[in-house]
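Asks: Below you'll find the structure I mean.
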Amino acid sequence: MAGGAASGGSAQTDTFKESRTWLLMPSWLVLGFFILIPVLMMLLYSFLTKEFRGGVIWEFSLSAYDQFFFDRGLFGDEEPSIEWTYINIFWRSIWQAGAATILSLLIGFPTAYFIATRPAESRQMWVFLVTIPYWVNLLIRTISMKFLLRDQGPLNDFLMAIGFVDSPVHIINTDFAVQLGLFYSYLPFMVLPIYAAVERYNFSLSEAAADLYATKWQTLRKVLLPAVKPGVIAGCILVFVPSLGSFLAPDLLGGAKNFMIGSLIEEQFKGNAGNWPFGAAASMILLSLVMVILMISARKSNKGGEG
Amino acid sequence: MAQAGEDIKKYPGFMGITIFCLLILYAPLIVVMVYSFNESKSITEWQGLSLKWYVDVFVGPESAKFKEAALNSFSIAITAAIAATIIATSAATGMLRGGAFKGRGLSFALINLPLIVPEIVTAVATLIFFSAIGFERGYLTILVAHIAFCIPFAYMPIAARMQGIEDTYEQAALDLYATKAQAFKRVLLPLLMPGVISGFILAFIISLDDFIITNFVKGAGIETLPTAIFGAVKQGIKPNIMAISTMLLGVSIVMVTVSYFVGKSDQKK
């Protein structure tokens, strides 16, 4: 790594200063037109009136958000009370994403640690092994998981063959199947930042702890974990955030009962019975949630850097 | 002493968990690969090795559908990856070789926007955008959406590479009376090449992989491989789907391996 100091020095130079605007223009145009403006239009759509065959009527309305948070009875004339249906869907998405994050942390941390403490030559190979499956099509990975976990699938065949269970374990269409699917989708995002943090960790700190009669687990908890905490937090966010809005894992592994935000949003746009303003409002609420999480973590890590 | 130092790093069970982790990661893929060679029409029982389902993919009743989807997927992935790589290379040069400027933070945020916004939200927003401007959904809308969300993936390795290249090389070229364009084309770009190749491969895989955004912006008459596979799987996992999956899996793994070795051989220099 000769780049460490050098890259700091040459990170920002001005060789092509005169052409800067032209160099940046294509990215501004493409991302501005096809990502930023669409997101702003989605915000606008969430305040419009729904058209019954999908699409919108250009009339200002708060009904999308009203429908999300309040229940006004079948005919809309009752005293509003809190509508729990959609809040519960968000809540269960947070719960599912959280469970998947914890699962990823429990398996990802030891894996990242193990890889980071390998000899330098073989580390890259281990990292490569962990990341390969991530590059395989997410849909195919999720289908593979479904195939493996089926009641008559290879996993159950195996468990019965070794006599571990007598009848197939029912995994598919449960919460756990979704968590497993999310874990499988985003695990490398947990391993990589923790790996990077452990690789930078100074092991003489652990030795000092051991010299002072700390047990291994005390050293892990009181010395190593605080030192690599930024990596752990980054990993948790990188798994939690995409899990929150995921569609494929809950759709293919969770079945109809295990609805998550992604499916709720998808339902509003695919097919004819959808409600576009409501789908746009649900997307805005999801986006706001993600922004809040990212901002809190950015603020936290800034503070950590100063201290 | 060295022995004690090594010992301090070891935690019992961590190696076991790592192996378990790799097992979870690879078992589903290996199982699908193995079963794609199954002679049987049923996906539950094993009846011996056969290439039957691969033949079925190419000449079977659904082959026309899959061929068209594959053609769409690959032509979109190649075009989107080329466009995203060019835009990202240009943007990285502006960001890292353009001196300090006022909108730098904002530009950086814009480039990374597709990574921050959840995929399903980008999908909804893009659908709304195309519908609002009255653009008919089809091949072109998929392509444009793919170019946009592939940019940050192409940008990351290119910018990382450029950060590691000192500007003395370009400065030397300029001192020797090269024009700026020559300094870029003959000096900076060749040095940047490993990053550009990784960026292209990353963008290509991301485009080939995408289901959610494509599903929203594709319109009725057109399918890519992921949307065709998703549609087929709704009626249950069939052996020919496993054969297609295995082939697609092979493409991804080959591409990533190439990218890994491009990066590795470059480090040795």
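Letters for chains follow the order of the structure tokens (A, B, ...), residue numbers begin at 1 for each chain, and ligand numbers begin at 1 in the order shown.
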Applying 9 Å and only C-alpha atoms, which residues near Phe278 in chain A remain after dropping the ones on its own chain fewer than 6 positions away? List them as a PyMOL selection string.

Replies: chain A and resi 45-47+50+63-65+67-68+265+268

Asks: Would you mind listing, as a VMD selection string, all residues of chain A that have at least one atom within 7 Å of chain B, where only C-alpha atoms are what counts?

Replies: chain A and resid 3 6 to 7 10 to 17 20 23 to 24 26 to 27 30 to 31 34 to 35 38 to 39 41 to 42 107 110 to 111 114 117 130 132 to 133 135 to 141 144 to 145 148 152 to 153 184 206 to 207 242 245 262 283 287

Asks: Go ahead and write the residues just picked, N, CA and C atoms, as a compact mmCIF listing (two decimals), in the first residue's frame.

Replies:
```
# COMPACT_ATOMS: atom_id res chain seq x y z
N GLY A 3 -0.02 3.62 -1.65
CA GLY A 3 -1.01 4.66 -1.95
C GLY A 3 -1.43 5.47 -0.74
N ALA A 6 0.42 8.77 -0.44
CA ALA A 6 0.44 9.39 -1.76
C ALA A 6 -0.95 9.81 -2.21
N SER A 7 -1.94 8.92 -1.95
CA SER A 7 -3.27 9.23 -2.44
C SER A 7 -3.83 10.46 -1.73
N SER A 10 -2.40 13.39 -3.68
CA SER A 10 -2.82 13.65 -5.05
C SER A 10 -4.32 13.46 -5.23
N ALA A 11 -5.03 13.37 -4.12
CA ALA A 11 -6.46 13.09 -4.21
C ALA A 11 -7.16 14.15 -5.04
N GLN A 12 -6.72 15.36 -4.91
CA GLN A 12 -7.43 16.45 -5.56
C GLN A 12 -6.41 17.39 -6.18
N THR A 13 -6.24 17.28 -7.48
CA THR A 13 -5.32 18.20 -8.13
C THR A 13 -6.11 18.92 -9.22
N ASP A 14 -5.45 19.83 -9.93
CA ASP A 14 -6.24 20.64 -10.84
C ASP A 14 -5.72 20.63 -12.28
N THR A 15 -5.14 19.48 -12.69
CA THR A 15 -4.63 19.37 -14.06
C THR A 15 -5.68 19.75 -15.11
N PHE A 16 -6.92 19.27 -14.88
CA PHE A 16 -7.95 19.48 -15.91
C PHE A 16 -9.02 20.46 -15.45
N LYS A 17 -8.54 21.48 -14.75
CA LYS A 17 -9.44 22.46 -14.13
C LYS A 17 -10.36 23.15 -15.13
N ARG A 20 -13.36 21.16 -16.22
CA ARG A 20 -14.12 20.54 -15.12
C ARG A 20 -15.62 20.48 -15.39
N LEU A 23 -16.49 17.99 -17.97
CA LEU A 23 -16.26 16.61 -17.52
C LEU A 23 -17.39 16.13 -16.61
N LEU A 24 -17.89 17.06 -15.80
CA LEU A 24 -18.93 16.66 -14.84
C LEU A 24 -20.33 16.70 -15.44
N PRO A 26 -21.97 15.39 -18.07
CA PRO A 26 -22.79 14.20 -18.37
C PRO A 26 -23.38 13.56 -17.12
N SER A 27 -22.57 13.47 -16.03
CA SER A 27 -23.09 12.83 -14.82
C SER A 27 -24.19 13.69 -14.19
N VAL A 30 -27.39 13.15 -16.55
CA VAL A 30 -28.03 11.83 -16.48
C VAL A 30 -28.64 11.59 -15.09
N LEU A 31 -27.84 11.86 -14.04
CA LEU A 31 -28.35 11.57 -12.70
C LEU A 31 -29.40 12.59 -12.27
N PHE A 34 -32.60 11.60 -14.48
CA PHE A 34 -33.21 10.28 -14.35
C PHE A 34 -33.21 9.73 -12.93
N ILE A 35 -32.63 10.44 -11.97
CA ILE A 35 -32.74 10.00 -10.57
C ILE A 35 -33.31 11.14 -9.71
N PRO A 38 -36.85 12.52 -10.99
CA PRO A 38 -37.88 11.51 -10.69
C PRO A 38 -38.25 11.43 -9.22
N VAL A 39 -37.23 11.51 -8.33
CA VAL A 39 -37.54 11.43 -6.89
C VAL A 39 -38.40 12.63 -6.48
N MET A 41 -40.40 14.28 -8.45
CA MET A 41 -41.74 14.08 -9.02
C MET A 41 -42.55 13.09 -8.20
N MET A 42 -41.84 12.10 -7.64
CA MET A 42 -42.52 11.12 -6.80
C MET A 42 -43.10 11.83 -5.56
N ILE A 107 -22.83 -14.01 12.33
CA ILE A 107 -22.02 -14.87 11.47
C ILE A 107 -20.94 -14.05 10.77
N PRO A 110 -17.45 -12.97 13.22
CA PRO A 110 -16.36 -13.97 13.33
C PRO A 110 -15.70 -14.25 11.98
N THR A 111 -16.51 -14.25 10.91
CA THR A 111 -15.94 -14.51 9.58
C THR A 111 -14.95 -13.40 9.20
N PHE A 114 -11.86 -13.66 11.36
CA PHE A 114 -11.02 -14.79 10.96
C PHE A 114 -10.22 -14.45 9.70
N THR A 117 -7.34 -11.99 10.22
CA THR A 117 -6.18 -12.48 10.95
C THR A 117 -5.45 -13.59 10.20
N VAL A 130 -15.84 -14.82 -0.13
CA VAL A 130 -17.05 -14.33 0.52
C VAL A 130 -17.87 -13.46 -0.44
N ILE A 132 -17.88 -13.53 -3.95
CA ILE A 132 -18.36 -14.12 -5.22
C ILE A 132 -19.89 -14.28 -5.25
N PRO A 133 -20.48 -14.93 -4.23
CA PRO A 133 -21.93 -15.15 -4.32
C PRO A 133 -22.70 -13.85 -4.45
N TRP A 135 -22.08 -11.42 -6.30
CA TRP A 135 -22.14 -11.00 -7.70
C TRP A 135 -23.04 -11.86 -8.55
N VAL A 136 -23.50 -12.97 -7.97
CA VAL A 136 -24.47 -13.77 -8.69
C VAL A 136 -25.83 -13.07 -8.57
N ASN A 137 -26.55 -13.01 -9.67
CA ASN A 137 -27.87 -12.42 -9.73
C ASN A 137 -28.70 -12.66 -8.46
N LEU A 138 -29.18 -11.57 -7.86
CA LEU A 138 -29.94 -11.65 -6.61
C LEU A 138 -31.18 -12.53 -6.76
N LEU A 139 -31.85 -12.42 -7.89
CA LEU A 139 -33.04 -13.23 -8.14
C LEU A 139 -32.68 -14.71 -8.12
N ILE A 140 -31.56 -15.04 -8.79
CA ILE A 140 -31.15 -16.44 -8.85
C ILE A 140 -30.75 -16.95 -7.47
N ARG A 141 -30.09 -16.09 -6.71
CA ARG A 141 -29.71 -16.51 -5.35
C ARG A 141 -30.94 -16.78 -4.51
N SER A 144 -32.55 -19.95 -5.58
CA SER A 144 -31.76 -21.08 -5.10
C SER A 144 -32.06 -21.36 -3.64
N MET A 145 -32.17 -20.29 -2.84
CA MET A 145 -32.48 -20.43 -1.43
C MET A 145 -33.84 -21.11 -1.27
N LEU A 148 -33.58 -24.76 -2.07
CA LEU A 148 -32.88 -25.51 -1.02
C LEU A 148 -33.77 -25.75 0.19
N GLN A 152 -39.80 -30.44 0.46
CA GLN A 152 -39.21 -31.64 -0.16
C GLN A 152 -37.84 -31.32 -0.75
N GLY A 153 -37.23 -30.25 -0.27
CA GLY A 153 -35.98 -29.80 -0.86
C GLY A 153 -34.77 -30.53 -0.33
N TYR A 184 -28.63 -13.73 3.32
CA TYR A 184 -27.93 -14.26 2.17
C TYR A 184 -27.70 -13.18 1.11
N SER A 206 -4.44 -5.88 22.23
CA SER A 206 -4.92 -7.15 22.79
C SER A 206 -3.85 -7.78 23.67
N GLU A 207 -2.60 -7.67 23.22
CA GLU A 207 -1.51 -8.23 24.02
C GLU A 207 -1.41 -7.53 25.36
N PRO A 242 -30.70 -1.82 2.80
CA PRO A 242 -31.30 -2.50 1.65
C PRO A 242 -32.32 -3.56 2.04
N GLY A 245 -36.09 -2.18 2.33
CA GLY A 245 -36.90 -1.97 1.13
C GLY A 245 -36.88 -3.14 0.17
N GLY A 262 -41.57 -3.32 0.58
CA GLY A 262 -41.32 -3.46 -0.84
C GLY A 262 -42.54 -4.00 -1.58
N SER A 283 -43.39 5.18 -0.60
CA SER A 283 -41.98 5.28 -1.00
C SER A 283 -41.29 6.46 -0.31
N LEU A 287 -38.15 6.33 2.08
CA LEU A 287 -36.95 7.13 1.79
C LEU A 287 -36.58 8.01 2.98
```

Asks: Considering only C-alpha atoms, return as a short mmCIF file (atom, residue, chain, number, x, y, z; two decimals) with all heavy atoms, in the first residue's frame whatever protein or nucleic-acid residues lie within 10 Å of range 172-176 of chain A, sequence-local ones (same chain, fewer than 4 positions apart) excluded.

Replies:
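Written out: part.cif:
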```cif
data_model
loop_
_atom_site.label_atom_id
_atom_site.label_comp_id
_atom_site.auth_asym_id
_atom_site.auth_seq_id
_atom_site.Cartn_x
_atom_site.Cartn_y
_atom_site.Cartn_z
N ARG A 92 -43.10 -4.38 10.77
CA ARG A 92 -42.59 -5.74 10.58
C ARG A 92 -41.40 -5.75 9.62
O ARG A 92 -40.49 -6.57 9.75
CB ARG A 92 -43.69 -6.72 10.17
CG ARG A 92 -44.17 -6.68 8.81
CD ARG A 92 -45.09 -7.83 8.43
NE ARG A 92 -44.31 -8.99 8.07
CZ ARG A 92 -44.30 -10.10 8.75
NH1 ARG A 92 -45.03 -10.24 9.83
NH2 ARG A 92 -43.56 -11.09 8.37
N TRP A 95 -38.51 -4.88 11.76
CA TRP A 95 -38.20 -6.05 12.58
C TRP A 95 -37.45 -7.11 11.76
O TRP A 95 -36.43 -7.64 12.18
CB TRP A 95 -39.50 -6.60 13.18
CG TRP A 95 -39.45 -8.03 13.56
CD1 TRP A 95 -40.08 -9.06 12.95
CD2 TRP A 95 -38.71 -8.60 14.66
NE1 TRP A 95 -39.78 -10.24 13.57
CE2 TRP A 95 -38.95 -10.00 14.63
CE3 TRP A 95 -37.87 -8.07 15.65
CZ2 TRP A 95 -38.37 -10.87 15.55
CZ3 TRP A 95 -37.29 -8.95 16.57
CH2 TRP A 95 -37.55 -10.32 16.52
N GLN A 96 -37.96 -7.40 10.55
CA GLN A 96 -37.33 -8.41 9.69
C GLN A 96 -35.92 -7.98 9.29
O GLN A 96 -34.99 -8.77 9.32
CB GLN A 96 -38.15 -8.63 8.42
CG GLN A 96 -39.47 -9.32 8.61
CD GLN A 96 -39.31 -10.79 8.86
OE1 GLN A 96 -38.74 -11.19 9.88
NE2 GLN A 96 -39.79 -11.62 7.96
N ALA A 99 -33.68 -8.28 12.33
CA ALA A 99 -33.31 -9.67 12.62
C ALA A 99 -32.26 -10.16 11.63
O ALA A 99 -31.29 -10.83 12.01
CB ALA A 99 -34.55 -10.56 12.57
N ALA A 100 -32.44 -9.79 10.34
CA ALA A 100 -31.46 -10.18 9.33
C ALA A 100 -30.10 -9.55 9.62
O ALA A 100 -29.05 -10.18 9.44
CB ALA A 100 -31.94 -9.77 7.94
N MET A 145 -32.17 -20.29 -2.84
CA MET A 145 -32.48 -20.43 -1.43
C MET A 145 -33.84 -21.11 -1.27
O MET A 145 -34.00 -22.01 -0.45
CB MET A 145 -32.48 -19.04 -0.79
CG MET A 145 -32.34 -19.02 0.71
SD MET A 145 -31.00 -20.05 1.29
CE MET A 145 -30.21 -18.98 2.43
N LYS A 146 -34.79 -20.68 -2.08
CA LYS A 146 -36.14 -21.25 -2.02
C LYS A 146 -36.10 -22.74 -2.37
O LYS A 146 -36.72 -23.56 -1.71
CB LYS A 146 -37.05 -20.50 -3.01
CG LYS A 146 -38.51 -20.89 -2.95
CD LYS A 146 -39.30 -20.08 -3.96
CE LYS A 146 -40.71 -20.59 -4.09
NZ LYS A 146 -41.72 -19.63 -3.70
N PHE A 147 -35.32 -23.05 -3.40
CA PHE A 147 -35.20 -24.44 -3.84
C PHE A 147 -34.60 -25.30 -2.73
O PHE A 147 -35.08 -26.40 -2.44
CB PHE A 147 -34.32 -24.50 -5.09
CG PHE A 147 -34.15 -25.88 -5.64
CD1 PHE A 147 -35.17 -26.48 -6.34
CD2 PHE A 147 -32.97 -26.57 -5.45
CE1 PHE A 147 -35.02 -27.76 -6.84
CE2 PHE A 147 -32.81 -27.85 -5.95
CZ PHE A 147 -33.84 -28.45 -6.65
N LEU A 148 -33.58 -24.76 -2.07
CA LEU A 148 -32.88 -25.51 -1.02
C LEU A 148 -33.77 -25.75 0.19
O LEU A 148 -33.74 -26.81 0.81
CB LEU A 148 -31.62 -24.73 -0.60
CG LEU A 148 -30.74 -25.39 0.46
CD1 LEU A 148 -30.03 -26.59 -0.12
CD2 LEU A 148 -29.71 -24.41 1.00
N LEU A 149 -34.57 -24.73 0.56
CA LEU A 149 -35.31 -24.79 1.82
C LEU A 149 -36.67 -25.47 1.72
O LEU A 149 -37.31 -25.71 2.73
CB LEU A 149 -35.53 -23.36 2.36
CG LEU A 149 -34.31 -22.53 2.70
CD1 LEU A 149 -34.73 -21.16 3.19
CD2 LEU A 149 -33.46 -23.22 3.76
N ARG A 150 -37.14 -25.78 0.48
CA ARG A 150 -38.47 -26.36 0.32
C ARG A 150 -38.70 -27.55 1.25
O ARG A 150 -37.74 -28.21 1.67
CB ARG A 150 -38.66 -26.88 -1.11
CG ARG A 150 -39.03 -25.84 -2.13
CD ARG A 150 -38.98 -26.46 -3.51
NE ARG A 150 -37.76 -27.25 -3.68
CZ ARG A 150 -37.73 -28.51 -4.10
NH1 ARG A 150 -38.83 -29.13 -4.42
NH2 ARG A 150 -36.58 -29.13 -4.22
N ASP A 151 -39.98 -27.84 1.52
CA ASP A 151 -40.31 -28.99 2.37
C ASP A 151 -39.72 -30.28 1.81
O ASP A 151 -39.23 -31.12 2.54
CB ASP A 151 -41.82 -29.13 2.53
CG ASP A 151 -42.38 -28.02 3.43
OD1 ASP A 151 -41.57 -27.19 3.88
OD2 ASP A 151 -43.60 -28.00 3.65
N LEU A 180 -33.40 -15.28 6.54
CA LEU A 180 -32.29 -16.03 5.95
C LEU A 180 -32.00 -15.51 4.54
O LEU A 180 -30.84 -15.35 4.14
CB LEU A 180 -32.68 -17.52 5.90
CG LEU A 180 -31.56 -18.53 5.98
CD1 LEU A 180 -30.75 -18.35 7.25
CD2 LEU A 180 -32.14 -19.95 5.94
N GLY A 181 -33.06 -15.22 3.79
CA GLY A 181 -32.91 -14.69 2.43
C GLY A 181 -32.22 -13.34 2.44
O GLY A 181 -31.34 -13.07 1.62
N LEU A 182 -32.60 -12.47 3.38
CA LEU A 182 -31.99 -11.14 3.47
C LEU A 182 -30.53 -11.26 3.90
O LEU A 182 -29.65 -10.58 3.38
CB LEU A 182 -32.76 -10.27 4.47
CG LEU A 182 -34.18 -9.89 4.05
CD1 LEU A 182 -34.89 -9.17 5.18
CD2 LEU A 182 -34.15 -9.02 2.80
N PRO A 250 -38.78 -11.25 0.61
CA PRO A 250 -40.11 -11.47 1.19
C PRO A 250 -41.10 -12.05 0.18
O PRO A 250 -41.93 -12.87 0.54
CB PRO A 250 -40.56 -10.07 1.64
CG PRO A 250 -39.55 -9.12 1.16
CD PRO A 250 -38.34 -9.86 0.74
N ASP A 251 -40.98 -11.65 -1.09
CA ASP A 251 -41.95 -12.13 -2.08
C ASP A 251 -41.77 -13.61 -2.36
O ASP A 251 -42.74 -14.36 -2.42
CB ASP A 251 -41.80 -11.33 -3.38
CG ASP A 251 -42.93 -11.61 -4.35
OD1 ASP A 251 -44.03 -11.10 -4.11
OD2 ASP A 251 -42.72 -12.36 -5.33
N LEU A 252 -40.52 -14.05 -2.55
CA LEU A 252 -40.30 -15.43 -2.95
C LEU A 252 -40.20 -16.39 -1.76
O LEU A 252 -40.57 -17.54 -1.86
CB LEU A 252 -39.02 -15.55 -3.80
CG LEU A 252 -39.12 -14.94 -5.20
CD1 LEU A 252 -37.74 -14.89 -5.85
CD2 LEU A 252 -40.07 -15.75 -6.08
N LEU A 253 -39.66 -15.90 -0.63
CA LEU A 253 -39.44 -16.81 0.49
C LEU A 253 -40.50 -16.67 1.58
O LEU A 253 -40.68 -17.55 2.40
CB LEU A 253 -38.05 -16.57 1.11
CG LEU A 253 -36.86 -16.78 0.19
CD1 LEU A 253 -35.59 -16.24 0.80
CD2 LEU A 253 -36.71 -18.26 -0.13
N GLY A 254 -41.17 -15.52 1.60
CA GLY A 254 -42.10 -15.26 2.70
C GLY A 254 -43.54 -15.61 2.40
O GLY A 254 -44.35 -15.77 3.30
N GLY A 255 -43.88 -15.72 1.12
CA GLY A 255 -45.26 -16.01 0.79
C GLY A 255 -46.16 -14.82 1.06
O GLY A 255 -45.69 -13.73 1.40
N ALA A 256 -47.47 -15.03 0.91
CA ALA A 256 -48.41 -13.92 0.95
C ALA A 256 -48.56 -13.29 2.33
O ALA A 256 -48.87 -12.12 2.46
CB ALA A 256 -49.77 -14.39 0.46
N LYS A 257 -48.31 -14.08 3.38
CA LYS A 257 -48.55 -13.57 4.73
C LYS A 257 -47.47 -12.61 5.19
O LYS A 257 -47.70 -11.76 6.03
CB LYS A 257 -48.60 -14.74 5.73
CG LYS A 257 -49.96 -15.41 5.80
CD LYS A 257 -49.96 -16.41 6.96
CE LYS A 257 -48.81 -17.38 6.81
NZ LYS A 257 -48.56 -18.29 7.86
N ASN A 258 -46.25 -12.79 4.65
CA ASN A 258 -45.11 -12.06 5.20
C ASN A 258 -44.80 -10.80 4.41
O ASN A 258 -43.70 -10.59 3.91
CB ASN A 258 -43.89 -12.97 5.27
CG ASN A 258 -44.12 -14.11 6.22
OD1 ASN A 258 -44.02 -13.94 7.42
ND2 ASN A 258 -44.49 -15.27 5.70
N PHE A 259 -45.79 -9.97 4.30
CA PHE A 259 -45.74 -8.72 3.57
C PHE A 259 -44.69 -7.76 4.13
O PHE A 259 -44.59 -7.57 5.33
CB PHE A 259 -47.11 -8.07 3.69
CG PHE A 259 -47.65 -7.59 2.39
CD1 PHE A 259 -47.81 -8.46 1.33
CD2 PHE A 259 -48.02 -6.27 2.24
CE1 PHE A 259 -48.32 -8.02 0.14
CE2 PHE A 259 -48.53 -5.81 1.05
CZ PHE A 259 -48.69 -6.68 -0.01
#
```

Asks: Quick one: residues within 8 Å of Leu192 in chain A, only C-alpha atoms counted, chain neighbours fewer than 6 positions away excluded, as a PyMOL selection string?

Replies: chain A and resi 112+127+235

Asks: May I have the residues from that selection written out with all heavy atoms, as a short mmCIF file (atom, residue, chain, number, x, y, z; two decimals), in the first residue's frame?

Replies:
```cif
data_model
loop_
_atom_site.label_atom_id
_atom_site.label_comp_id
_atom_site.auth_asym_id
_atom_site.auth_seq_id
_atom_site.Cartn_x
_atom_site.Cartn_y
_atom_site.Cartn_z
N ALA A 112 -15.39 -12.15 9.38
CA ALA A 112 -14.51 -11.03 9.03
C ALA A 112 -13.25 -11.05 9.87
O ALA A 112 -12.14 -10.83 9.38
CB ALA A 112 -15.26 -9.71 9.25
N VAL A 127 -11.49 -12.99 1.05
CA VAL A 127 -12.45 -11.92 0.78
C VAL A 127 -13.17 -12.22 -0.53
O VAL A 127 -14.39 -12.09 -0.65
CB VAL A 127 -11.75 -10.55 0.70
CG1 VAL A 127 -12.69 -9.48 0.18
CG2 VAL A 127 -11.23 -10.15 2.07
N GLY A 235 -21.27 -1.87 8.78
CA GLY A 235 -21.79 -3.15 8.28
C GLY A 235 -23.27 -3.29 8.58
O GLY A 235 -24.05 -3.71 7.71
#
```

Asks: List as a ChimeraX atom specification the protein and nucleic acid residues near range 71-73 of chain A, meaning an atom at most 10 Å away when only C-alpha atoms are counted, but skip any in the same chain fewer than 6 places from it.

Replies: /A:79-85

Asks: Could those residues be written to a file, using all heavy atoms, as an mmCIF file, in the first residue's frame?

Replies:
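The file below, part.cif, is the result:
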```cif
data_model
loop_
_atom_site.group_PDB
_atom_site.id
_atom_site.type_symbol
_atom_site.label_atom_id
_atom_site.label_comp_id
_atom_site.auth_asym_id
_atom_site.auth_seq_id
_atom_site.Cartn_x
_atom_site.Cartn_y
_atom_site.Cartn_z
ATOM 1 N N GLU A 79 -65.066 9.318 12.760
ATOM 2 C CA GLU A 79 -63.977 9.990 13.463
ATOM 3 C C GLU A 79 -62.668 9.270 13.108
ATOM 4 O O GLU A 79 -62.597 8.046 13.184
ATOM 5 C CB GLU A 79 -64.195 9.875 14.982
ATOM 6 C CG GLU A 79 -65.036 10.990 15.568
ATOM 7 C CD GLU A 79 -64.351 12.337 15.458
ATOM 8 O OE1 GLU A 79 -63.356 12.540 16.154
ATOM 9 O OE2 GLU A 79 -64.805 13.179 14.653
ATOM 10 N N PRO A 80 -61.624 9.998 12.678
ATOM 11 C CA PRO A 80 -60.392 9.290 12.323
ATOM 12 C C PRO A 80 -59.736 8.640 13.541
ATOM 13 O O PRO A 80 -59.675 9.246 14.614
ATOM 14 C CB PRO A 80 -59.507 10.397 11.750
ATOM 15 C CG PRO A 80 -60.076 11.677 12.266
ATOM 16 C CD PRO A 80 -61.537 11.454 12.471
ATOM 17 N N SER A 81 -59.320 7.387 13.349
ATOM 18 C CA SER A 81 -58.486 6.747 14.360
ATOM 19 C C SER A 81 -57.220 6.283 13.643
ATOM 20 O O SER A 81 -57.163 6.298 12.416
ATOM 21 C CB SER A 81 -59.236 5.562 14.970
ATOM 22 O OG SER A 81 -59.603 4.670 13.945
ATOM 23 N N ILE A 82 -56.226 5.900 14.433
ATOM 24 C CA ILE A 82 -54.968 5.488 13.796
ATOM 25 C C ILE A 82 -55.184 4.230 12.955
ATOM 26 O O ILE A 82 -55.792 3.266 13.412
ATOM 27 C CB ILE A 82 -53.886 5.200 14.872
ATOM 28 C CG1 ILE A 82 -53.628 6.431 15.731
ATOM 29 C CG2 ILE A 82 -52.608 4.699 14.215
ATOM 30 C CD1 ILE A 82 -52.787 7.498 15.099
ATOM 31 N N GLU A 83 -54.699 4.249 11.716
ATOM 32 C CA GLU A 83 -54.764 3.074 10.842
ATOM 33 C C GLU A 83 -53.488 2.255 11.063
ATOM 34 O O GLU A 83 -52.394 2.708 10.742
ATOM 35 C CB GLU A 83 -54.857 3.557 9.390
ATOM 36 C CG GLU A 83 -54.623 2.494 8.339
ATOM 37 C CD GLU A 83 -55.717 1.459 8.294
ATOM 38 O OE1 GLU A 83 -56.793 1.764 7.801
ATOM 39 O OE2 GLU A 83 -55.486 0.333 8.794
ATOM 40 N N TRP A 84 -53.646 1.052 11.593
ATOM 41 C CA TRP A 84 -52.449 0.279 11.950
ATOM 42 C C TRP A 84 -51.915 -0.574 10.806
ATOM 43 O O TRP A 84 -50.759 -0.996 10.842
ATOM 44 C CB TRP A 84 -52.727 -0.602 13.168
ATOM 45 C CG TRP A 84 -52.836 0.209 14.418
ATOM 46 C CD1 TRP A 84 -53.969 0.513 15.111
ATOM 47 C CD2 TRP A 84 -51.765 0.865 15.113
ATOM 48 N NE1 TRP A 84 -53.678 1.307 16.184
ATOM 49 C CE2 TRP A 84 -52.337 1.536 16.229
ATOM 50 C CE3 TRP A 84 -50.373 0.943 14.904
ATOM 51 C CZ2 TRP A 84 -51.568 2.283 17.117
ATOM 52 C CZ3 TRP A 84 -49.614 1.692 15.803
ATOM 53 C CH2 TRP A 84 -50.218 2.349 16.889
ATOM 54 N N THR A 85 -52.734 -0.861 9.782
ATOM 55 C CA THR A 85 -52.330 -1.809 8.743
ATOM 56 C C THR A 85 -50.953 -1.490 8.166
ATOM 57 O O THR A 85 -50.051 -2.334 8.149
ATOM 58 C CB THR A 85 -53.340 -1.798 7.579
ATOM 59 O OG1 THR A 85 -54.643 -1.808 8.137
ATOM 60 C CG2 THR A 85 -53.137 -2.992 6.673
#
```

Asks: Rounded to one decimal in Å, what is the spacing between CA of Val232 in chain A and CA of Met291 in chain A?

Replies: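 Here the two named atoms are 19.2 Å from each other.
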
Asks: Which of these, B:Pro190, B:Gly199, B:Gly103, B:Pro239, has the shortest distance to Asp56 in chain B once you count only C-alpha atoms?

Replies: B:Pro239

Asks: Mind the document's chain letters and residue numbers, and return as a VMD selection string the residues of range 114-244 of chain B that DSSP labels helix (DSSP H, G or I).

Replies: chain B and resid 114 to 116 119 to 132 139 to 163 168 to 175 180 to 209 212 to 217 225 to 233 239 to 244

Asks: Can you tell me, as an MDAnalysis selection string, what residues are no more than 7 Å from Tyr195 in chain A when counting only C-alpha atoms, ignoring any on the same chain fewer than 3 positions away?

Replies: chainID A and resid 112:113 116 191:192 198:199
